[in-house]
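Have a look at the structure below before the remarks.
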Amino acid sequence: MWKFIAKRLGSALAVLFAASLLLYVLVINSGDPLKDLRESNADNREYLMAQRVEYMNLDAPWYGRYWDWLTGASKCLIGQCDLGRNINGVEVSGLLANAASSTLRLVVLATVIAAVLGIAIGVLTAIRQYSGLDYIVTFLTFLFFSLPVFWAAVLLKEYLAISYNDWLADPQISVGTSIAIGIVVGLVLQMFLGGSLKRRGITFFASAVFVPLVLQYSLWLNFYRYPQMGPAIIIVLTALLALSATAMSVGLKEKRVLYPALITVVLVLAMYYATFYMLLEPNGWILFFGLVLAVVIPAAIGRFMGGRLRKAAMSVSIITGVAGAALTIIDHLFRAWPRFLDVKGRPIATIGSSTANLEGGFWDHFLDNGTQLLMPTILLAVISLASYSRYTRSSMLEVQRQDYIRTARSKGLSERTVIFRHAFRNAMIPIATIAAFDFAGLIGGAVITERVFGWKGMGEMFATGLDHVDPAPVMAFFLVTGTAAILFNLLADIVYALLDPRIRV
Amino acid sequence: MRFQRVSKAVAVGAALALALSACAPGGGDTGADASKDANAGGGNGSAEAANSGKADLGDITTADDTINVTVGAPEFISYNGFTPNTYSTYNSAIVDRMFAGFSYFGTDGTLYPNEALGSYEKVSDDPLTIKYTIAEDAKWSDGTPITVADSVFAWAVQNLNLNEGSKEKPLFNSVSVDLGDTVPEGPQGDWDGKEFTVEFAEPDPDWALQTWMLHPAHVVAEESGMSTEELVSAIRAGESDKLKKAADFWNEGWMTDPGKLPDEKISPVSGPYKLGSWKAGESVTLVANENYYGPAPATKELTFRFLEDASMVQALQNKDVDVINPQPTVDTLAQLENLGDAVAIQKGDTLTWEHLDFNFAEGNAMTNLELRKAFAMCVPRQQIVDNLVKPLNPDAIVMNAREVFPFQDNYQEVVDASYDGRYDEVDIEGAKKILEEQDAVGTEVRIGYSAPNERRANEVSAIKSSCDEAGFKIVDSGSADFFSPNGAQDRGDYEVALFAWAGSGQITSGQNIYATGKPQNFGQYSNPEVDAAWETLASSLDPAVHAEQTKKIEKLLWDDLFGIPVFAHPGLSASGSDIQNVRHTATQDQIVWNAEQWVRAE
């Protein structure tokens with residue numbers, strides 16, 4: 001095994017080296033780094049050109065320049081990276097740190113959302129193969145997949161930012177619009193929930209009546225500028241969740257699961273009051289530890305009281321605890337919203353990852369980051385939704401045709417168990433590989449998304465460097481993305497090798 | 001060689017790349033009136049400007065507010081934007097707000113003294129001697145008075161005689177390097193005083209453009225372990241070895257990683273704004289300098305955001321930014337006009353102009369004056385302006401001069417004296433006749449330009465459809481490497497080059513283009529009369545002589561057909577209608593030239 005890994009690592013390094021040489025030569029020959037000066041009519045053009053030639057070492061042969069870069073970059077192996085400076089004399093390592101962090105912020109959430117939603121949609125469409133839902137969802141995912149990012153971004157900015165901000169200044173929804181929204185929600189819901197014709201009809205009518213009423217009520221409350229929830233609603237929602245999670249896992253009769261869940265609900269209420277003042281002005285650590293406690297304490301309760309059913313008791317309690325904590329956070333966000341609107345009158349800006357020099361406390365910055373992340377995340381997620389959902393769908397369909405699924409069904413297992421225990425798990429194997437590669441690719445940055453939303457990420461650094469025929473930033477980009485791609489590749493190889501001895505040649 | 005032009009940071013010269021890369025179709029603007037109605041787009045209630053300089057806002061207090069502006073996507077680079085690496089129009093748009101100079105350019109390229117910093121006057125013509133007086137209350141933002149020491153340091157930075165062995169290796173890595181030779185002695189006066197004189201070795205009509213105020217000498221001195229007095233005397237004595245540390249600090253000491261500003265202690269400013277915060281990749285915020293001695297800036301914070309052109313209009317619409325400066329295109333203008341009253345659009349000509357230049361290299365068909373005349377007759381200049389520029393601006397006109405622009409006061413006078421209007425109308429028959437007489441029917445004319453450039457491609461196709469009729473064979477030889485070494489321009493494989501020069505406020509800049517053997521005389525044009533006229537102009541300090549020689553040169557260039565001017569490039573910017581005092585400028589200072597006067601209406 002070790003020999004195998006060493007071999008793979010060796011060849012990975014060789015690939016990286018060869019690719020860096022190729023890229024370096026391609027970059028320095030991709031254009032004229034003096035182009036802007038050549039077309040200048042400044043009197044000291046010649047002097048400026050000579051300065052740049054000397055600064056960028058343009059007179060040196062390609063192997064000399066590459067060697068200079070390589071010696072600097074190879075110091076990364078001993079932790080003293082010298083990635084050189086860009087055409088403006090700025091240290092590339094500093095540029096890289098900023099670019100990488102902004103790309104990660106942009107990409108991680110979008111990838112996770114796309115993976116989770118994509119897989120869920122894939123499973124759903126596989127179960128209801130060739131239904132109306134399947135066709136519509138397939139159509140939509142392909143539509144999203146083929147959206148030009150640039151154009152979609154312009155539309156998102158127009159509706160989600162500009163129109164929303166205008167609307168928020170004085171939120172109004174006419175009765176007609178409310179009814180229309182209700183009908184649409186009803187149609188979508190009945191499609192997703194499915195069932196017999198009667199059940200679909202009930203779903204549709206219930207939501208078509210309920211949604212318009214809720215919309216008008218929320219307007220009357222001025223909910224969109226002064227949202228509110230309060231402990232009562234938190235408790236009702238958490239309790240409902242605890243009950244339904246218990247019912248779905250083992251049934252309400254199992255006191256060993258029900259009691260820990262209900263105790264967790266009570267704890268949520270207690271914690272809501274206990275942490276109220278602390279959470280008015282928290283920091284990231286408080287939230288993080290809060291989340292850890294929201295997992296650990298219910299887990300402990302479930303473990304002690306669960307007995308034979310401790311596994312189910314633990315997961316139901318954890319779900320309840322985390323949901324309660326999340327609702328508590330949302331409650332505080334609701335409280336912070338009116339104040340946030342005071343410091344940032346138009347909450348969704350079309351550009352930037354956050355507002356410069358924003359005044360206000362933790363929640364204001366939290367909301368600011370959130371609102372700024374909204375549009376690029378939606379855009380990136382919607383576009384990569386298609387590949388996840390399609391792969392999952394076909395993988396699920398494939399697995400469902402296997403003999404062991406039929407065996408499981410004939411044993412009399414419930415449909416839920418068959419699909420999630422037996423089919424879904426096996427269908428996930430190829431998806432895991434895709435997700436790994438997808439993430440490696442996304443680190444390379446979403447050039448266009450970054451540009452239209454005014455984030456300076458990895459893609460932007462690469463494009464600007466190439467534009468100036470400036471090898472240092474391009475090579476830094478390559479170093480990160482190339483290494484990521486090769487590492488993930490290696491990881492996949494190793495995992496395969498561990499799973500399947502036949503691969504170890 | 002002269003380097004003064006660069007020393008006026010942005011406004012002058014160097015950034016032609018911007019103009020050449022403006023690949024989208026654009027247009028001119030209000031033509032002759034651009035400078036006069038510069039106020040028109042300024043939003044409601046702006047202060048009325050008496051001339052093309054900054055308006056007098058009277059006694060104002062700084063409003064506690066932030067104005068967001070974007071001039072483009074490139075990131076802020078450094079507090080010191082005066083090295084070849086850091087010098088860019090984008091960086092200058094920011095740092096120019098932080099440093100006061102003795103003069104600035106008005107909206108039409110006229111030079112105005114900056115009375116806040118001080119005053120200057122010519123005290124002698126021979127040798128040319130200028131006396132500068134720094135205002136008594138002028139001080140850096142850290143409280144240190146601005147003195148002659150700072151001017152001596154500015155001179156040192158631009159002095160190639162301070163070097164490591166040879167002029168090839170100057171101590172200070174600066175964009176402007178000739179002051180050591182043009183003003184051999186540097187500023188004369190007590191180092192801690194407020195008055196100094198500079199004496200030029202040769203008469204220099206552009207003396208007022210020289211930079212005598214840059215970075216704080218006291219900071220450089222302290223960082224290099226000297227007293228300011230020691231620094232000044234080392235500079236004056238030309239002791240390069242003693243200055244090594246100071247130069248190293250000046251070259252590198254202000255460079256920081258993106259997002260980290262240099263310590264406020266080492267980055268005091270002399271202008272209305274100082275560095276406040278920097279969000280890497282997204283924005284730099286300048287805050288009002290509370291120790292500023294001139295008129296208080298109108299708004300406390302000025303945030304520069306780094307935005308692509310394509311996202312500017314929506315950002316303006318969503319009020320994420322208040323002032324934008326996009327490349328002028330028909331699409332952008334249409335989008336802005338769709339926003340109606342919410343925005344004010346500033347349009348106008350810029351000091352960049354499009355022209356067709358002939359190749360005078362030996363053996364080239366265009367060395368024949370008659371063929372040049374025939375070509376000039378068939379070029380549909382009016383049609384080009386009508387089709388490619390007027391969609392943006394119905395008032396655009398064909399440009400008939402090289403050294404003056406349609407929006408400048410003396411334009412009509414110069415044109416009247418040099419050009420009789422003979423190429424105003426397309427004359428296919430006339431061109432045909434000349435070609436037949438010269439037995440040159442079917443002459444191939446390769447029009448080269450830096451591609452891709454949609455507007456220029458359209459210009460060439462308009463010329464082709466007209467001139468082919470007259471008997472020329474026009475070839476569109478635009479290519480990406482037209483100006484590169486071994487490109488078509490370098491090899492001389494073209495008859496006509498289509499490109500733009502960025503005009504400067506400099507009086508003598510044209511000498512480099514039109515005089516024999518000069519570096520920017522790409523087509524190898526040579527006319528002893530033109531050379532002599534430039535010589536006279538460059539060695540005189542008398543505006544009357546300048547005016548006289550300019551007319552003479554223009555006439556000679558028209559008679560010889562050096563090339564054909566076509567139009568002045570348009571400029572476009574827009575601001576939220578609640579922002580006052582935003583004014584278009586033709587210079588490369590861009591829209592931010594008077595940013596310290598912007599203020600949001602109550």
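In the structure tokens, the first chain shown is A, the next is B, and so on; residue numbers restart at 1 for each chain, and ligands run from 1 in the order shown.
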
What are the residues of chain A that have an atom within 6 Å of an atom of chain B, counting only C-alpha atoms, as a compact mmCIF listing (two decimals) with all heavy atoms, in the first residue's frame?
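The resulting file, selection.txt, is reproduced below:
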```
# COMPACT_ATOMS: atom_id res chain seq x y z
N ASP A 36 1.08 47.85 -23.34
CA ASP A 36 0.49 49.13 -22.94
C ASP A 36 1.48 50.27 -23.12
O ASP A 36 1.12 51.37 -23.52
CB ASP A 36 -0.03 49.07 -21.51
CG ASP A 36 1.03 48.64 -20.52
OD1 ASP A 36 1.89 47.83 -20.91
OD2 ASP A 36 1.01 49.12 -19.37
N GLU A 39 2.18 51.44 -26.90
CA GLU A 39 1.19 52.29 -27.55
C GLU A 39 1.07 53.63 -26.83
O GLU A 39 0.22 54.44 -27.14
CB GLU A 39 -0.16 51.57 -27.58
CG GLU A 39 -0.08 50.31 -28.41
CD GLU A 39 -1.36 49.51 -28.40
OE1 GLU A 39 -2.33 49.97 -27.82
OE2 GLU A 39 -1.37 48.43 -29.02
N SER A 40 1.94 53.84 -25.86
CA SER A 40 1.87 55.08 -25.10
C SER A 40 2.61 56.19 -25.84
O SER A 40 3.56 55.94 -26.58
CB SER A 40 2.52 54.83 -23.73
OG SER A 40 3.08 56.01 -23.24
N ALA A 42 3.93 58.70 -24.00
CA ALA A 42 4.74 59.38 -22.99
C ALA A 42 6.16 59.52 -23.54
O ALA A 42 6.66 58.64 -24.21
CB ALA A 42 4.77 58.55 -21.72
N ASP A 43 6.78 60.64 -23.24
CA ASP A 43 8.12 60.87 -23.76
C ASP A 43 9.11 59.86 -23.24
O ASP A 43 10.08 59.52 -23.90
CB ASP A 43 8.62 62.25 -23.34
CG ASP A 43 7.75 63.33 -23.90
OD1 ASP A 43 6.86 62.98 -24.68
OD2 ASP A 43 7.95 64.50 -23.55
N ASN A 44 8.90 59.42 -21.99
CA ASN A 44 9.89 58.52 -21.41
C ASN A 44 9.52 57.06 -21.59
O ASN A 44 9.85 56.21 -20.80
CB ASN A 44 10.10 58.83 -19.93
CG ASN A 44 8.81 58.73 -19.17
OD1 ASN A 44 7.74 58.67 -19.78
ND2 ASN A 44 8.89 58.71 -17.87
N ASN A 88 2.98 44.86 -10.81
CA ASN A 88 2.92 46.11 -10.06
C ASN A 88 3.82 46.10 -8.84
O ASN A 88 3.76 47.00 -8.02
CB ASN A 88 1.48 46.39 -9.61
CG ASN A 88 0.56 46.57 -10.78
OD1 ASN A 88 -0.41 45.85 -10.93
ND2 ASN A 88 0.88 47.51 -11.64
N GLY A 89 4.62 45.05 -8.68
CA GLY A 89 5.52 45.00 -7.55
C GLY A 89 4.86 44.51 -6.26
O GLY A 89 5.42 44.64 -5.19
N GLY A 94 0.75 37.48 -0.97
CA GLY A 94 -0.33 38.26 -0.37
C GLY A 94 -1.58 38.25 -1.23
O GLY A 94 -2.69 38.07 -0.74
N ILE A 162 -31.98 44.96 -6.98
CA ILE A 162 -32.56 46.29 -7.20
C ILE A 162 -34.05 46.33 -6.89
O ILE A 162 -34.52 47.14 -6.09
CB ILE A 162 -32.26 46.74 -8.64
CG1 ILE A 162 -30.74 46.83 -8.84
CG2 ILE A 162 -32.93 48.08 -8.93
CD1 ILE A 162 -30.31 47.01 -10.25
N ALA A 349 -26.65 44.46 -1.90
CA ALA A 349 -25.87 45.22 -2.87
C ALA A 349 -25.51 44.31 -4.04
O ALA A 349 -25.40 43.10 -3.88
CB ALA A 349 -24.61 45.76 -2.21
N THR A 350 -25.36 44.91 -5.22
CA THR A 350 -25.10 44.07 -6.39
C THR A 350 -23.64 43.65 -6.47
O THR A 350 -23.28 42.83 -7.30
CB THR A 350 -25.44 44.83 -7.69
OG1 THR A 350 -24.66 46.03 -7.73
CG2 THR A 350 -26.89 45.18 -7.75
N VAL A 452 -18.53 39.54 -12.25
CA VAL A 452 -19.78 40.31 -12.26
C VAL A 452 -20.20 40.74 -10.87
O VAL A 452 -20.85 41.76 -10.72
CB VAL A 452 -20.96 39.58 -12.95
CG1 VAL A 452 -20.75 39.52 -14.42
CG2 VAL A 452 -21.15 38.20 -12.39
N GLY A 454 -17.96 41.49 -8.54
CA GLY A 454 -16.92 42.34 -7.98
C GLY A 454 -16.14 41.72 -6.83
O GLY A 454 -15.73 42.41 -5.92
N LYS A 456 -12.64 39.75 -5.88
CA LYS A 456 -11.36 39.41 -6.51
C LYS A 456 -10.92 38.05 -5.98
O LYS A 456 -10.36 37.95 -4.91
CB LYS A 456 -10.31 40.47 -6.19
CG LYS A 456 -10.56 41.81 -6.85
CD LYS A 456 -9.56 42.04 -7.97
CE LYS A 456 -9.64 43.43 -8.57
NZ LYS A 456 -10.95 43.99 -8.81
```

Identify all residues of range 227-465 of chain A in alpha helix (DSSP H) (DSSP on the backbone) and supply them as a PyMOL selection string. chain A and resi 230-249+255-274+276-280+284-306+310-343+362-400+403-410+415-417+425-443+447-452+458-465

At a cut-off of 7 Å, using only C-alpha atoms, what residues contact Ala601 in chain B? Leave out same-chain residues fewer than 3 positions from it and give the result as a PyMOL selection string. chain B and resi 578-580

Export N, CA and C atoms of the chosen residues as a short mmCIF file (atom, residue, chain, number, x, y, z; two decimals), in the first residue's frame?
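File written: selection36.cif
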```cif
data_model
loop_
_atom_site.label_atom_id
_atom_site.label_comp_id
_atom_site.auth_asym_id
_atom_site.auth_seq_id
_atom_site.Cartn_x
_atom_site.Cartn_y
_atom_site.Cartn_z
N ASP B 578 -28.42 62.61 -6.72
CA ASP B 578 -28.31 63.33 -5.45
C ASP B 578 -26.88 63.79 -5.17
N ILE B 579 -25.94 63.45 -6.05
CA ILE B 579 -24.55 63.85 -5.80
C ILE B 579 -24.27 65.16 -6.54
N GLN B 580 -23.80 66.15 -5.80
CA GLN B 580 -23.54 67.45 -6.40
C GLN B 580 -22.08 67.62 -6.79
#
```

As a PyMOL selection string, please: the residues near Pro473 in chain A (cut-off 12 Å, only C-alpha atoms, same-chain neighbours under 5 positions excluded). chain A and resi 24+27-28+69+73+82-97+99+457-468+478-480

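For the residues B:Lys473, B:Arg402, B:His546, B:Lys300, ranking by smallest atom-to-atom distance to Ile507 in chain B using only C-alpha atoms places B:His546 first.
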
Shell around Ser477 in chain B at 10 Å using only C-alpha atoms, local window under 2 positions removed, as a count of residues only: 20

Name the residues of range 159-374 of chain B that fall into strand (DSSP E or B) according to DSSP on the backbone, using the chain letters and numbers of this document, as JSON, numbers by chain. {"B": [159, 163, 170, 178, 188, 195, 196, 197, 198, 199, 273, 274, 275, 276, 277, 278, 279, 283, 284, 285, 286, 287, 288, 299, 300, 301, 302, 303, 304, 305, 306, 323, 324, 343, 344, 345, 346, 347, 348, 349, 350, 351, 352, 353, 354, 355, 356, 357, 358]}

Could those selected residues go to a file with C-alpha atoms, as a PDB file, in the first residue's frame?
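Saved to part-v3.pdb:
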```
ATOM      1  CA  ASN B 159      17.143  62.958 -10.629  1.00  0.00           C
ATOM      2  CA  ASN B 163      22.591  56.650  -9.082  1.00  0.00           C
ATOM      3  CA  PRO B 170      19.111  55.326 -10.684  1.00  0.00           C
ATOM      4  CA  ASP B 178      14.915  64.108 -16.040  1.00  0.00           C
ATOM      5  CA  GLN B 188      17.266  76.648  -3.958  1.00  0.00           C
ATOM      6  CA  GLU B 195      10.299  79.706  -0.521  1.00  0.00           C
ATOM      7  CA  PHE B 196      12.514  78.275  -3.237  1.00  0.00           C
ATOM      8  CA  THR B 197      13.599  79.007  -6.779  1.00  0.00           C
ATOM      9  CA  VAL B 198      14.376  76.592  -9.572  1.00  0.00           C
ATOM     10  CA  GLU B 199      16.600  77.456 -12.508  1.00  0.00           C
ATOM     11  CA  TYR B 273      -7.875  62.955   1.853  1.00  0.00           C
ATOM     12  CA  LYS B 274      -5.807  60.308   3.592  1.00  0.00           C
ATOM     13  CA  LEU B 275      -5.935  56.530   3.536  1.00  0.00           C
ATOM     14  CA  GLY B 276      -8.652  55.138   5.767  1.00  0.00           C
ATOM     15  CA  SER B 277      -9.144  51.456   5.073  1.00  0.00           C
ATOM     16  CA  TRP B 278      -8.500  48.926   2.354  1.00  0.00           C
ATOM     17  CA  LYS B 279     -10.597  45.864   1.686  1.00  0.00           C
ATOM     18  CA  SER B 283     -12.406  48.890  -2.116  1.00  0.00           C
ATOM     19  CA  VAL B 284     -10.172  51.553  -0.636  1.00  0.00           C
ATOM     20  CA  THR B 285     -11.684  54.215   1.575  1.00  0.00           C
ATOM     21  CA  LEU B 286     -10.140  57.639   1.887  1.00  0.00           C
ATOM     22  CA  VAL B 287     -11.099  59.803   4.841  1.00  0.00           C
ATOM     23  CA  ALA B 288     -10.901  63.551   5.111  1.00  0.00           C
ATOM     24  CA  THR B 299     -17.618  64.747   2.134  1.00  0.00           C
ATOM     25  CA  LYS B 300     -15.826  62.893   4.891  1.00  0.00           C
ATOM     26  CA  GLU B 301     -15.324  59.533   3.220  1.00  0.00           C
ATOM     27  CA  LEU B 302     -14.608  58.634  -0.350  1.00  0.00           C
ATOM     28  CA  THR B 303     -14.682  54.932  -1.176  1.00  0.00           C
ATOM     29  CA  PHE B 304     -13.128  53.703  -4.404  1.00  0.00           C
ATOM     30  CA  ARG B 305     -14.617  50.401  -5.483  1.00  0.00           C
ATOM     31  CA  PHE B 306     -12.922  48.129  -7.994  1.00  0.00           C
ATOM     32  CA  VAL B 323     -20.301  57.831  -9.351  1.00  0.00           C
ATOM     33  CA  ILE B 324     -19.181  55.569 -12.203  1.00  0.00           C
ATOM     34  CA  VAL B 343     -28.848  59.535 -12.501  1.00  0.00           C
ATOM     35  CA  ALA B 344     -27.018  62.452 -14.045  1.00  0.00           C
ATOM     36  CA  ILE B 345     -24.949  61.577 -17.101  1.00  0.00           C
ATOM     37  CA  GLN B 346     -21.736  63.505 -17.766  1.00  0.00           C
ATOM     38  CA  LYS B 347     -20.639  63.400 -21.367  1.00  0.00           C
ATOM     39  CA  GLY B 348     -17.966  65.213 -23.259  1.00  0.00           C
ATOM     40  CA  ASP B 349     -14.909  64.960 -25.438  1.00  0.00           C
ATOM     41  CA  THR B 350     -11.640  63.749 -24.051  1.00  0.00           C
ATOM     42  CA  LEU B 351      -8.098  64.752 -24.863  1.00  0.00           C
ATOM     43  CA  THR B 352      -7.672  61.603 -26.941  1.00  0.00           C
ATOM     44  CA  TRP B 353      -8.096  61.774 -30.665  1.00  0.00           C
ATOM     45  CA  GLU B 354      -8.382  59.295 -33.499  1.00  0.00           C
ATOM     46  CA  HIS B 355      -6.307  59.798 -36.630  1.00  0.00           C
ATOM     47  CA  LEU B 356      -5.076  58.132 -39.839  1.00  0.00           C
ATOM     48  CA  ASP B 357      -1.295  58.473 -40.203  1.00  0.00           C
ATOM     49  CA  PHE B 358       0.594  57.806 -43.416  1.00  0.00           C
TER      50      PHE B 358
END
```

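Distances here use only C-alpha atoms; by that measure, the residue among B:Gly294, B:Gly165, B:Pro570, B:Pro184 closest to Phe407 in chain B is B:Pro570.
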
Between CA of Ala115 in chain A and CA of Phe334 in chain A, what distance in Å does the model show, to one decimal? 28.2 Å
